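What follows is the content of run_28.cif (mmCIF, C-alpha atoms and all ligand atoms).
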data_data
#
loop_
_atom_site.label_atom_id
_atom_site.label_comp_id
_atom_site.auth_asym_id
_atom_site.auth_seq_id
_atom_site.Cartn_x
_atom_site.Cartn_y
_atom_site.Cartn_z
CA MET A 336 -103.64 -101.78 -25.05
CA GLU A 337 -103.58 -105.25 -23.55
CA LEU A 338 -100.10 -106.82 -23.34
CA ARG A 339 -99.56 -110.22 -24.93
CA GLY A 340 -98.61 -112.67 -22.24
CA GLN A 341 -95.38 -113.95 -23.74
CA GLU A 342 -92.25 -112.19 -22.49
CA THR A 343 -90.55 -110.33 -25.31
CA ILE A 344 -86.96 -109.44 -26.09
CA ALA A 345 -86.83 -106.28 -28.23
CA VAL A 346 -83.79 -105.88 -30.50
CA ILE A 347 -83.23 -102.29 -31.62
CA GLY A 348 -81.66 -102.22 -35.09
CA ALA A 349 -81.94 -104.17 -38.33
CA GLY A 350 -78.32 -103.72 -39.39
CA VAL A 351 -76.03 -106.72 -39.59
CA LEU A 352 -75.57 -106.74 -35.78
CA GLY A 353 -79.29 -106.48 -34.98
CA LEU A 354 -80.19 -109.17 -37.52
CA SER A 355 -77.45 -111.61 -36.45
CA SER A 356 -78.25 -111.09 -32.75
CA ALA A 357 -82.01 -111.50 -33.28
CA LEU A 358 -81.41 -114.73 -35.23
CA GLU A 359 -79.07 -116.07 -32.58
CA LEU A 360 -81.72 -115.31 -29.92
CA ILE A 361 -84.50 -117.01 -31.87
CA GLU A 362 -82.40 -120.08 -32.72
CA LYS A 363 -80.87 -120.87 -29.30
CA PRO A 364 -83.10 -122.85 -26.88
CA GLN A 365 -82.39 -120.64 -23.81
CA THR A 366 -83.85 -117.57 -25.56
CA SER A 367 -86.14 -118.99 -28.27
CA LYS A 368 -88.95 -119.46 -25.71
CA HIS A 369 -89.35 -115.66 -25.71
CA GLN A 370 -91.00 -113.56 -28.41
CA ILE A 371 -88.27 -111.72 -30.34
CA VAL A 372 -89.10 -108.41 -32.04
CA ILE A 373 -86.77 -106.25 -34.17
CA VAL A 374 -87.50 -102.49 -33.94
CA ALA A 375 -85.74 -100.25 -36.47
CA ASP A 376 -86.23 -97.28 -38.72
CA HIS A 377 -84.04 -98.66 -41.57
CA PHE A 378 -84.09 -102.13 -43.09
CA SER A 379 -81.84 -103.74 -45.72
CA THR A 380 -84.62 -103.67 -48.33
CA ASP A 381 -84.83 -99.83 -48.16
CA PRO A 382 -82.96 -97.68 -50.71
CA PRO A 383 -79.29 -97.06 -49.69
CA ASN A 384 -78.89 -94.36 -47.05
CA PRO A 385 -75.60 -93.17 -45.50
CA VAL A 386 -77.10 -93.43 -41.99
CA TYR A 387 -77.64 -97.18 -42.43
CA SER A 388 -74.12 -98.57 -42.61
CA THR A 389 -74.99 -102.20 -43.35
CA THR A 390 -75.95 -102.08 -47.05
CA ASN A 391 -73.13 -99.64 -47.81
CA ALA A 392 -70.46 -102.07 -46.62
CA GLY A 393 -67.77 -103.66 -48.88
CA ALA A 394 -68.21 -106.17 -47.30
CA HIS A 395 -65.17 -108.33 -46.87
CA TYR A 396 -63.16 -110.16 -44.23
CA ARG A 397 -59.72 -108.76 -43.47
CA PRO A 398 -57.84 -109.94 -40.38
CA VAL A 399 -56.23 -107.04 -38.49
CA PRO A 400 -53.16 -107.61 -36.26
CA ALA A 401 -54.20 -107.31 -32.59
CA ILE A 402 -52.22 -104.41 -31.12
CA ASN A 403 -54.51 -103.34 -28.22
CA THR A 404 -57.49 -104.63 -26.22
CA GLN A 405 -59.96 -103.38 -28.85
CA THR A 406 -58.29 -105.16 -31.77
CA GLU A 407 -57.73 -108.26 -29.59
CA ARG A 408 -61.45 -108.49 -28.84
CA GLU A 409 -62.36 -107.81 -32.48
CA GLY A 410 -59.90 -110.51 -33.56
CA GLU A 411 -61.59 -113.01 -31.26
CA HIS A 412 -65.05 -112.08 -32.62
CA ALA A 413 -63.72 -112.23 -36.19
CA ALA A 414 -62.27 -115.74 -35.72
CA ARG A 415 -65.63 -117.11 -34.51
CA THR A 416 -67.49 -115.22 -37.26
CA TYR A 417 -65.17 -116.65 -39.93
CA SER A 418 -66.18 -120.23 -39.01
CA ARG A 419 -69.88 -119.33 -39.08
CA PHE A 420 -69.59 -117.71 -42.53
CA LYS A 421 -67.76 -120.77 -43.83
CA LYS A 422 -70.60 -122.99 -42.68
CA LEU A 423 -73.29 -120.65 -44.08
CA ALA A 424 -71.53 -120.36 -47.46
CA ALA A 425 -71.46 -124.16 -47.76
CA GLU A 426 -75.07 -124.64 -46.60
CA GLU A 427 -76.77 -121.75 -48.43
CA PRO A 428 -75.07 -120.44 -51.60
CA ALA A 429 -78.05 -118.09 -52.20
CA MET A 430 -76.95 -116.00 -49.19
CA GLY A 431 -74.35 -114.25 -51.34
CA ILE A 432 -71.18 -115.25 -49.45
CA GLU A 433 -68.11 -116.06 -51.51
CA PHE A 434 -64.73 -117.28 -50.29
CA MET A 435 -61.70 -116.05 -52.21
CA GLU A 436 -58.05 -115.10 -51.86
CA GLY A 437 -57.40 -111.98 -49.75
CA ILE A 438 -54.19 -110.01 -50.29
CA ASP A 439 -52.76 -107.24 -48.08
CA TYR A 440 -50.15 -104.83 -49.40
CA VAL A 441 -49.03 -102.57 -46.56
CA SER A 442 -46.65 -99.60 -46.51
CA GLY A 443 -46.28 -96.53 -44.33
CA ALA A 444 -46.95 -96.19 -40.61
CA ALA A 445 -49.03 -99.38 -40.28
CA THR A 446 -46.20 -101.64 -41.54
CA ALA A 447 -44.77 -102.32 -38.05
CA ASN A 448 -48.13 -103.76 -36.89
CA TYR A 449 -47.98 -106.30 -39.71
CA THR A 450 -44.29 -107.24 -39.54
CA ALA A 451 -44.84 -107.99 -35.80
CA MET A 452 -46.59 -111.17 -37.07
CA LYS A 453 -49.28 -111.17 -34.34
CA PRO A 454 -50.81 -114.66 -33.79
CA ASN A 455 -54.38 -113.57 -34.64
CA TYR A 456 -53.10 -112.37 -38.03
CA VAL A 457 -50.67 -115.09 -39.05
CA ASN A 458 -53.03 -117.84 -37.84
CA SER A 459 -55.64 -116.78 -40.41
CA GLU A 460 -56.59 -119.63 -42.70
CA GLY A 461 -54.31 -119.91 -45.72
CA PHE A 462 -51.89 -117.25 -44.40
CA ARG A 463 -48.62 -116.92 -46.29
CA LEU A 464 -46.13 -114.06 -46.64
CA LEU A 465 -45.66 -112.80 -50.20
CA GLU A 466 -42.06 -112.17 -51.03
CA GLY A 467 -39.76 -111.77 -54.05
CA THR A 468 -41.69 -111.37 -57.30
CA GLU A 469 -45.02 -111.80 -55.45
CA LYS A 470 -44.47 -108.50 -53.60
CA PRO A 471 -45.02 -105.40 -55.80
CA GLN A 472 -42.18 -102.88 -55.91
CA GLY A 473 -42.29 -100.27 -53.18
CA VAL A 474 -44.64 -102.33 -50.96
CA LYS A 475 -43.13 -102.96 -47.50
CA PHE A 476 -45.25 -105.92 -46.38
CA ALA A 477 -47.37 -108.37 -48.40
CA ALA A 478 -49.39 -111.44 -47.36
CA ARG A 479 -52.25 -113.62 -48.58
CA TYR A 480 -54.97 -115.49 -46.66
CA ASP A 481 -58.38 -117.02 -47.29
CA SER A 482 -61.00 -114.29 -47.18
CA PHE A 483 -64.69 -113.94 -47.95
CA THR A 484 -66.92 -111.23 -49.35
CA VAL A 485 -70.64 -110.73 -48.88
CA ASP A 486 -73.30 -109.03 -50.94
CA PRO A 487 -74.89 -107.15 -48.00
CA GLU A 488 -78.39 -106.71 -49.47
CA THR A 489 -78.73 -110.37 -50.43
CA TYR A 490 -77.21 -111.59 -47.17
CA CYS A 491 -79.37 -109.39 -44.92
CA PHE A 492 -82.50 -110.24 -46.88
CA HIS A 493 -81.85 -113.91 -46.07
CA LEU A 494 -81.15 -113.20 -42.39
CA LEU A 495 -84.41 -111.27 -42.09
CA ARG A 496 -86.34 -113.95 -43.99
CA ARG A 497 -84.94 -116.68 -41.74
CA PHE A 498 -85.82 -114.63 -38.64
CA ARG A 499 -89.43 -114.15 -39.80
CA LEU A 500 -89.87 -117.82 -40.78
CA LYS A 501 -88.92 -118.73 -37.21
CA GLY A 502 -91.67 -116.51 -35.84
CA GLY A 503 -89.71 -113.27 -35.33
CA LYS A 504 -91.65 -109.98 -35.41
CA ILE A 505 -90.69 -106.68 -37.02
CA LEU A 506 -91.65 -103.08 -36.19
CA ARG A 507 -90.63 -99.98 -38.16
CA LEU A 508 -90.27 -97.22 -35.59
CA THR A 509 -87.93 -94.36 -34.71
CA LEU A 510 -87.08 -94.49 -31.01
CA GLN A 511 -85.92 -91.54 -28.92
CA SER A 512 -84.10 -93.75 -26.41
CA ALA A 513 -83.25 -97.41 -25.82
CA GLU A 514 -85.63 -97.40 -22.80
CA GLU A 515 -88.54 -96.56 -25.12
CA ALA A 516 -88.29 -100.11 -26.51
CA PHE A 517 -89.66 -101.40 -23.17
CA ARG A 518 -92.95 -99.69 -24.04
CA LEU A 519 -93.76 -101.18 -27.47
CA ASP A 520 -97.51 -101.31 -28.06
CA GLY A 521 -98.82 -104.83 -27.64
CA TYR A 522 -95.58 -106.40 -26.41
CA ASN A 523 -94.57 -107.40 -22.91
CA VAL A 524 -90.90 -106.38 -23.26
CA ALA A 525 -88.68 -107.83 -20.52
CA LEU A 526 -85.26 -107.02 -21.98
CA VAL A 527 -83.87 -104.71 -24.69
CA VAL A 528 -80.87 -105.36 -26.96
CA ASN A 529 -79.41 -102.15 -28.35
CA CYS A 530 -77.86 -102.74 -31.81
CA SER A 531 -78.55 -99.19 -32.99
CA GLY A 532 -75.16 -98.65 -34.65
CA MET A 533 -74.29 -95.37 -32.86
CA GLY A 534 -76.21 -95.75 -29.60
CA PHE A 535 -78.45 -93.00 -28.23
CA GLY A 536 -76.46 -89.83 -27.58
CA ASP A 537 -73.33 -91.73 -26.50
CA PRO A 538 -70.60 -89.04 -26.39
CA LYS A 539 -67.99 -91.68 -27.30
CA SER A 540 -69.72 -92.50 -30.61
CA PHE A 541 -68.48 -90.95 -33.86
CA ILE A 542 -68.66 -91.77 -37.55
CA ILE A 543 -66.02 -92.63 -40.15
CA ARG A 544 -67.15 -91.86 -43.69
CA VAL A 545 -65.83 -94.49 -45.30
CA ALA A 546 -57.99 -101.41 -47.55
CA GLN A 547 -53.80 -101.54 -49.00
CA GLN A 548 -52.46 -98.93 -46.61
CA ASN A 549 -50.33 -96.67 -48.79
CA GLU A 550 -47.12 -94.89 -47.88
CA ASP A 551 -49.10 -91.64 -47.38
CA GLY A 552 -51.53 -93.27 -44.92
CA THR A 553 -54.43 -93.60 -47.43
CA TRP A 554 -56.09 -96.93 -48.27
CA THR A 555 -56.95 -98.68 -51.54
CA PHE A 556 -59.17 -101.73 -51.65
CA ILE A 557 -60.76 -103.79 -54.38
CA VAL A 558 -63.56 -106.14 -53.37
CA PRO A 559 -65.43 -108.23 -55.95
CA ARG A 560 -69.05 -108.66 -54.82
CA PRO A 561 -70.65 -112.09 -55.25
CA LEU A 562 -73.65 -112.80 -57.54
CA ASP A 563 -72.64 -110.26 -60.24
CA GLY A 564 -72.79 -107.45 -57.68
CA GLY A 565 -69.92 -105.49 -59.31
CA THR A 566 -66.59 -104.62 -57.69
CA ILE A 567 -66.09 -102.19 -54.84
CA VAL A 568 -63.14 -99.86 -55.46
CA GLY A 569 -62.41 -97.89 -52.31
CA GLY A 570 -61.97 -96.24 -50.07
CA THR A 571 -61.73 -93.12 -48.03
CA LYS A 572 -61.63 -92.97 -44.25
CA GLU A 573 -62.91 -89.56 -43.16
CA VAL A 574 -63.48 -89.30 -39.43
CA ARG A 575 -66.58 -87.28 -38.37
CA ASP A 576 -67.40 -86.23 -41.99
CA TRP A 577 -71.23 -86.10 -42.18
CA ASN A 578 -71.46 -85.08 -45.87
CA PRO A 579 -73.96 -87.53 -47.47
CA THR A 580 -72.95 -86.85 -51.11
CA ALA A 581 -70.13 -88.45 -53.11
CA SER A 582 -67.32 -86.38 -54.63
CA LEU A 583 -66.43 -86.92 -58.32
CA ALA A 584 -62.83 -85.91 -57.61
CA VAL A 585 -62.57 -88.57 -54.87
CA ARG A 586 -64.18 -91.15 -57.20
CA GLU A 587 -61.56 -90.39 -59.90
CA GLU A 588 -58.69 -90.60 -57.40
CA LEU A 589 -59.91 -93.94 -56.01
CA LEU A 590 -60.35 -95.44 -59.49
CA GLN A 591 -56.86 -94.34 -60.54
CA LYS A 592 -55.29 -95.82 -57.39
CA GLY A 593 -57.31 -99.03 -57.87
CA ALA A 594 -56.13 -99.38 -61.49
CA LYS A 595 -52.53 -98.76 -60.46
CA MET A 596 -52.67 -101.44 -57.76
CA TYR A 597 -54.54 -103.98 -59.89
CA PRO A 598 -54.50 -103.09 -63.63
CA GLY A 599 -56.72 -106.13 -64.40
CA ILE A 600 -59.86 -104.31 -63.22
CA VAL A 601 -60.08 -101.73 -66.07
CA ASN A 602 -62.48 -102.36 -68.98
CA SER A 603 -61.39 -102.94 -72.62
CA SER A 604 -61.08 -99.17 -73.23
CA GLY A 605 -58.87 -98.72 -70.17
CA GLY A 606 -61.62 -97.11 -68.04
CA PHE A 607 -64.34 -98.13 -65.58
CA ASP A 608 -68.08 -98.73 -65.89
CA VAL A 609 -69.22 -97.01 -62.70
CA ILE A 610 -72.41 -98.56 -61.28
CA ARG A 611 -72.84 -96.16 -58.35
CA ASP A 612 -71.02 -94.21 -55.68
CA VAL A 613 -71.33 -95.52 -52.13
CA VAL A 614 -71.21 -93.10 -49.21
CA GLY A 615 -71.64 -94.76 -45.85
CA ARG A 616 -70.96 -93.96 -42.22
CA ARG A 617 -69.22 -96.56 -40.14
CA PRO A 618 -70.62 -96.36 -36.61
CA ALA A 619 -67.41 -96.06 -34.57
CA ARG A 620 -66.78 -95.51 -30.87
CA GLU A 621 -63.75 -94.32 -28.89
CA GLY A 622 -62.15 -97.36 -27.24
CA GLY A 623 -64.13 -99.79 -29.39
CA MET A 624 -67.70 -101.04 -29.38
CA ARG A 625 -69.96 -101.03 -26.33
CA LEU A 626 -70.77 -104.66 -25.60
CA GLU A 627 -72.14 -104.95 -22.09
CA VAL A 628 -75.24 -105.27 -19.92
CA GLU A 629 -76.65 -102.13 -18.34
CA THR A 630 -78.93 -102.63 -15.33
CA LEU A 631 -81.48 -99.84 -15.01
CA PRO A 632 -82.56 -98.50 -11.56
CA ASP A 633 -85.77 -100.58 -11.85
CA LYS A 634 -83.53 -103.71 -12.38
CA ARG A 635 -84.48 -104.19 -16.04
CA SER A 636 -81.56 -104.84 -18.42
CA ILE A 637 -80.37 -103.41 -21.70
CA VAL A 638 -77.71 -105.39 -23.57
CA HIS A 639 -75.71 -102.87 -25.60
CA ALA A 640 -73.97 -103.95 -28.83
CA TYR A 641 -73.10 -100.89 -30.90
CA GLY A 642 -70.14 -98.88 -32.17
CA ILE A 643 -68.31 -101.62 -34.12
CA GLY A 644 -67.03 -99.15 -36.76
CA GLY A 645 -65.71 -100.70 -39.98
CA ARG A 646 -65.82 -104.39 -39.00
CA GLY A 647 -69.50 -105.19 -38.41
CA PHE A 648 -69.79 -108.04 -40.92
CA GLU A 649 -66.57 -109.83 -40.10
CA THR A 650 -67.29 -109.76 -36.34
CA SER A 651 -71.09 -110.16 -36.51
CA TRP A 652 -71.57 -113.77 -35.36
CA GLY A 653 -69.00 -113.54 -32.57
CA ILE A 654 -70.85 -110.47 -31.25
CA ALA A 655 -74.27 -112.12 -31.71
CA GLU A 656 -73.10 -115.14 -29.68
CA ASP A 657 -71.97 -112.83 -26.85
CA VAL A 658 -75.28 -110.94 -26.98
CA GLN A 659 -77.22 -114.21 -26.73
CA ARG A 660 -75.11 -115.29 -23.73
CA MET A 661 -75.62 -111.96 -21.95
CA VAL A 662 -79.37 -112.06 -22.61
CA THR A 663 -79.59 -115.62 -21.25
CA GLU A 664 -77.70 -114.66 -18.07
CA SER A 665 -79.79 -111.51 -17.55
CA MET A 666 -83.09 -113.33 -18.05
CA GLU A 667 -82.04 -116.10 -15.62
CA LYS A 668 -81.09 -113.49 -13.02
CA ARG A 669 -84.44 -111.79 -13.54
CA THR A 670 -86.35 -115.07 -13.04
CA LEU A 671 -84.43 -115.73 -9.80
CA MET A 672 -85.16 -112.23 -8.47
CA ASN A 673 -88.87 -112.56 -9.33
CA ARG A 674 -89.00 -115.77 -7.26
CA LEU A 675 -87.60 -114.06 -4.14
C1 LIG A 701 -68.20 -98.00 -47.15
C2 LIG A 701 -68.22 -99.02 -46.06
C3 LIG A 701 -67.48 -100.18 -46.21
C4 LIG A 701 -67.48 -101.14 -45.21
N1 LIG A 701 -66.80 -102.31 -45.39
C5 LIG A 701 -66.85 -103.29 -44.44
C6 LIG A 701 -66.17 -104.52 -44.64
O1 LIG A 701 -65.53 -104.73 -45.66
N2 LIG A 701 -66.27 -105.47 -43.66
C7 LIG A 701 -66.98 -105.27 -42.51
O2 LIG A 701 -67.04 -106.16 -41.67
N3 LIG A 701 -67.62 -104.10 -42.31
C8 LIG A 701 -67.56 -103.10 -43.24
N4 LIG A 701 -68.19 -101.91 -43.04
C9 LIG A 701 -68.77 -101.64 -41.71
C10 LIG A 701 -70.14 -102.25 -41.54
O3 LIG A 701 -71.00 -101.81 -42.58
C11 LIG A 701 -70.67 -101.81 -40.18
O4 LIG A 701 -69.75 -102.17 -39.16
C12 LIG A 701 -72.00 -102.51 -39.86
O5 LIG A 701 -72.91 -102.36 -40.92
C13 LIG A 701 -72.59 -101.95 -38.56
O6 LIG A 701 -73.79 -102.60 -38.37
P1 LIG A 701 -74.78 -102.21 -37.19
O7 LIG A 701 -75.85 -103.22 -37.23
O8 LIG A 701 -74.01 -102.02 -35.93
O9 LIG A 701 -75.29 -100.73 -37.58
P2 LIG A 701 -76.18 -100.19 -38.79
O10 LIG A 701 -75.99 -100.96 -40.02
O11 LIG A 701 -75.90 -98.72 -38.86
O12 LIG A 701 -77.67 -100.40 -38.31
C14 LIG A 701 -78.23 -99.68 -37.24
C15 LIG A 701 -79.69 -100.05 -37.10
O13 LIG A 701 -80.21 -99.39 -35.96
C16 LIG A 701 -81.41 -98.72 -36.32
N5 LIG A 701 -81.55 -97.52 -35.50
C17 LIG A 701 -80.59 -96.64 -35.15
N6 LIG A 701 -81.11 -95.65 -34.40
C18 LIG A 701 -82.44 -95.91 -34.30
C19 LIG A 701 -83.54 -95.25 -33.65
N7 LIG A 701 -83.38 -94.11 -32.98
N8 LIG A 701 -84.78 -95.80 -33.75
C20 LIG A 701 -84.97 -96.96 -34.43
N9 LIG A 701 -83.96 -97.63 -35.06
C21 LIG A 701 -82.73 -97.10 -34.99
C22 LIG A 701 -81.23 -98.38 -37.80
O14 LIG A 701 -82.50 -98.17 -38.40
C23 LIG A 701 -80.55 -99.64 -38.31
O15 LIG A 701 -81.51 -100.61 -38.60
C24 LIG A 701 -68.21 -100.92 -44.02
C25 LIG A 701 -68.96 -99.74 -43.88
C26 LIG A 701 -68.97 -98.80 -44.88
C27 LIG A 701 -69.80 -97.57 -44.72
#

When written as structure tokens, how does the structure in this file appear?
Amino acid sequence: MELRGQETIAVIGAGVLGLSSALELIEKPQTSKHQIVIVADHFSTDPPNPVYSTTNAGAHYRPVPAINTQTEREGEHAARTYSRFKKLAAEEPAMGIEFMEGIDYVSGAATANYTAMKPNYVNSEGFRLLEGTEKPQGVKFAARYDSFTVDPETYCFHLLRRFRLKGGKILRLTLQSAEEAFRLDGYNVALVVNCSGMGFGDPKSFIIRVAQQNEDGTWTFIVPRPLDGGTIVGGTKEVRDWNPTASLAVREELLQKGAKMYPGIVNSSGGFDVIRDVVGRRPAREGGMRLEVETLPDKRSIVHAYGIGGRGFETSWGIAEDVQRMVTESMEKRTLMNRL
């Protein structure tokens, strides 16, 4: 098949990282001169599926104290992402982003990370310690800050729509490797961005099946979804558990813990109207996400951006900005080499 002349950047993945990165590429002048195509086997308009993390997400913003290089980098991405979400929420209410008060109640082993008052945590907008009557009995650490929540389906629909209106292309395809994206029928692919969630056979990748940290190390979180999207009551954190079905016993336990922490969420008969169970796999990676350029033996580049685990929404724009910068640098290097 004849290749179209225009050089193409192929983005693998239509999760929140693939969509944000593709939009960033199509909106920034250094990269918008190229054709951008998203290649993925799951999109946000498909029915929920545990393998596609994005539409199973809470999804809310929760600053995490930076205690190592991974959480430091995530904190930096989260800070930039926070500003972008604030701007988007003001510009486009239909995107399903809502700002609200966020409250952390922490006990157990994680308490020391919070009482250390790390700058990336205490500098969160609206941060204030909760003490005295504002701190529930038995809770070791309590704080409030300005947070936001997102309805993932609505939000991703708008990202995809915006991408297509700007001329972006979409292909539904299952790839066997990231390199395969250089050989898309009809496209002259010069660079590949790998936002595939787990990567391709990366031995460092693993999943967490599906936040107050309780004394016993478990988590409880309650996240109201914008646009009448219900309230998420969660959650479990089961490393390397591939079971795709929800457990009624776990549902009952989560609802009871949620009602204990925040009695205001029960209905008039003291129970819950359950809309659905959400089972999702957070695409995690030992040592944190892979965010780097790989140069292949034939000098072509793959920009990897996968393995973000449970923080893909709240870090998405910071990561997308880094992807766009790495793509720009790689394409400039390529042009220089072609001239030699
Ligand atoms: C229950 C739950 C609650 C969560 N809560 C939050 C929260 O409150 N805040 C937050 O920030 N994050 C939260 N997350 C995490 C968040 O959902 C993820 O970090 C984020 O969705 C990861 O996005 P991604 O684009 O990297 O991967 P994914 O969403 O998994 O998307 C991967 C994409 O790559 C494509 N792909 C993969 N392999 C191939 C292949 N071989 N061929 C073609 N295409 C391929 C897929 O089709 C898909 O389009 C939560 C997750 C879960 C499960």

Mind running chain A against ligand LIG 701 (chain A) at 6 Å and telling me each contacting residue's nearest atom pair with the distance in Å (one decimal), counting all atoms listed in the file, chain and number ascending, as a tab-separated table?
residue	atom	partner	partner_atom	distance
A:Ile347	CA	A:LIG701	N9	5.8
A:Gly348	CA	A:LIG701	O13	3.3
A:Ala349	CA	A:LIG701	O15	3.6
A:Gly350	CA	A:LIG701	O7	3.3
A:Val351	CA	A:LIG701	O7	4.2
A:Leu352	CA	A:LIG701	O7	3.8
A:Gly353	CA	A:LIG701	O7	5.2
A:Ala375	CA	A:LIG701	N9	3.5
A:Asp376	CA	A:LIG701	O14	3.8
A:His377	CA	A:LIG701	O14	3.6
A:Phe378	CA	A:LIG701	O15	5.4
A:Tyr387	CA	A:LIG701	O11	4.3
A:Ser388	CA	A:LIG701	O10	4.0
A:Thr389	CA	A:LIG701	O5	3.2
A:Asn391	CA	A:LIG701	C27	5.0
A:Ala392	CA	A:LIG701	C4	3.4
A:Gly393	CA	A:LIG701	N1	3.9
A:Ala394	CA	A:LIG701	O1	3.5
A:His395	CA	A:LIG701	O1	3.8
A:Tyr396	CA	A:LIG701	N2	5.7
A:Leu508	CA	A:LIG701	C20	5.4
A:Thr509	CA	A:LIG701	N8	3.6
A:Leu510	CA	A:LIG701	N8	3.8
A:Gln511	CA	A:LIG701	N7	5.4
A:Cys530	CA	A:LIG701	O8	5.7
A:Ser531	CA	A:LIG701	O13	3.4
A:Gly532	CA	A:LIG701	O9	3.6
A:Val545	CA	A:LIG701	C1	4.6
A:Gly615	CA	A:LIG701	C27	3.5
A:Arg616	CA	A:LIG701	C27	4.5
A:Arg617	CA	A:LIG701	C27	4.7
A:Tyr641	CA	A:LIG701	O8	5.2
A:Ile643	CA	A:LIG701	O4	5.3
A:Gly644	CA	A:LIG701	O4	4.7
A:Gly645	CA	A:LIG701	C9	3.6
A:Arg646	CA	A:LIG701	O2	3.4
A:Gly647	CA	A:LIG701	O4	3.1
A:Phe648	CA	A:LIG701	O2	3.4
A:Glu649	CA	A:LIG701	O2	4.0

Let me see the file: selected residues, C-alpha atoms, as a PDB file, in the coordinates of the input.
ATOM      1  CA  ILE A 347     -83.230-102.290 -31.620  1.00  0.00           C
ATOM      2  CA  GLY A 348     -81.660-102.220 -35.090  1.00  0.00           C
ATOM      3  CA  ALA A 349     -81.940-104.170 -38.330  1.00  0.00           C
ATOM      4  CA  GLY A 350     -78.320-103.720 -39.390  1.00  0.00           C
ATOM      5  CA  VAL A 351     -76.030-106.720 -39.590  1.00  0.00           C
ATOM      6  CA  LEU A 352     -75.570-106.740 -35.780  1.00  0.00           C
ATOM      7  CA  GLY A 353     -79.290-106.480 -34.980  1.00  0.00           C
ATOM      8  CA  ALA A 375     -85.740-100.250 -36.470  1.00  0.00           C
ATOM      9  CA  ASP A 376     -86.230 -97.280 -38.720  1.00  0.00           C
ATOM     10  CA  HIS A 377     -84.040 -98.660 -41.570  1.00  0.00           C
ATOM     11  CA  PHE A 378     -84.090-102.130 -43.090  1.00  0.00           C
ATOM     12  CA  TYR A 387     -77.640 -97.180 -42.430  1.00  0.00           C
ATOM     13  CA  SER A 388     -74.120 -98.570 -42.610  1.00  0.00           C
ATOM     14  CA  THR A 389     -74.990-102.200 -43.350  1.00  0.00           C
ATOM     15  CA  ASN A 391     -73.130 -99.640 -47.810  1.00  0.00           C
ATOM     16  CA  ALA A 392     -70.460-102.070 -46.620  1.00  0.00           C
ATOM     17  CA  GLY A 393     -67.770-103.660 -48.880  1.00  0.00           C
ATOM     18  CA  ALA A 394     -68.210-106.170 -47.300  1.00  0.00           C
ATOM     19  CA  HIS A 395     -65.170-108.330 -46.870  1.00  0.00           C
ATOM     20  CA  TYR A 396     -63.160-110.160 -44.230  1.00  0.00           C
ATOM     21  CA  LEU A 508     -90.270 -97.220 -35.590  1.00  0.00           C
ATOM     22  CA  THR A 509     -87.930 -94.360 -34.710  1.00  0.00           C
ATOM     23  CA  LEU A 510     -87.080 -94.490 -31.010  1.00  0.00           C
ATOM     24  CA  GLN A 511     -85.920 -91.540 -28.920  1.00  0.00           C
ATOM     25  CA  CYS A 530     -77.860-102.740 -31.810  1.00  0.00           C
ATOM     26  CA  SER A 531     -78.550 -99.190 -32.990  1.00  0.00           C
ATOM     27  CA  GLY A 532     -75.160 -98.650 -34.650  1.00  0.00           C
ATOM     28  CA  VAL A 545     -65.830 -94.490 -45.300  1.00  0.00           C
ATOM     29  CA  GLY A 615     -71.640 -94.760 -45.850  1.00  0.00           C
ATOM     30  CA  ARG A 616     -70.960 -93.960 -42.220  1.00  0.00           C
ATOM     31  CA  ARG A 617     -69.220 -96.560 -40.140  1.00  0.00           C
ATOM     32  CA  TYR A 641     -73.100-100.890 -30.900  1.00  0.00           C
ATOM     33  CA  ILE A 643     -68.310-101.620 -34.120  1.00  0.00           C
ATOM     34  CA  GLY A 644     -67.030 -99.150 -36.760  1.00  0.00           C
ATOM     35  CA  GLY A 645     -65.710-100.700 -39.980  1.00  0.00           C
ATOM     36  CA  ARG A 646     -65.820-104.390 -39.000  1.00  0.00           C
ATOM     37  CA  GLY A 647     -69.500-105.190 -38.410  1.00  0.00           C
ATOM     38  CA  PHE A 648     -69.790-108.040 -40.920  1.00  0.00           C
ATOM     39  CA  GLU A 649     -66.570-109.830 -40.100  1.00  0.00           C
TER      40      GLU A 649
END

**Prompt:** Hey, which of A:Val485, A:Ala594, A:Val457, A:Val374 ends up closest to A:Glu433? Count all atoms listed in the file.
**Reply:**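 Among the listed residues, A:Val485 lies closest to A:Glu433.
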
**Item:** Distance criterion (all atoms listed in the file): nearest to A:Thr663 out of A:Thr650, A:Ser636, A:Gln472, A:Thr450
**Value:**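 Under the stated criterion, the closest residue is A:Ser636.
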
Can you report as JSON the centre and edge lengths in Å, to one decimal, of an axis-aligned box around the listed atoms of stretch 583-594 of chain A padded with 6 Å on each side?
{"center_x": -60.9, "center_y": -92.6, "center_z": -58.2, "size_x": 23.1, "size_y": 25.5, "size_z": 18.6}

Cut-off 12 Å: closest stretch 455-502 of chain A/stretch 595-604 of chain A atom pairs per residue, using only C-alpha atoms, as JSON lines:
{"residue": "A:Lys470", "atom": "CA", "partner": "A:Met596", "partner_atom": "CA", "distance": 11.6}
{"residue": "A:Pro471", "atom": "CA", "partner": "A:Met596", "partner_atom": "CA", "distance": 8.8}
{"residue": "A:Gln472", "atom": "CA", "partner": "A:Met596", "partner_atom": "CA", "distance": 10.7}
{"residue": "A:Gly473", "atom": "CA", "partner": "A:Met596", "partner_atom": "CA", "distance": 11.4}
{"residue": "A:Val474", "atom": "CA", "partner": "A:Met596", "partner_atom": "CA", "distance": 10.6}

**Asked** What is the atom CA of A:Met672-atom CA of A:Arg635 distance in Å, reported with one decimal?
**Response**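 Going from atom CA of A:Met672 over to atom CA of A:Arg635, I get 11.1 Å.
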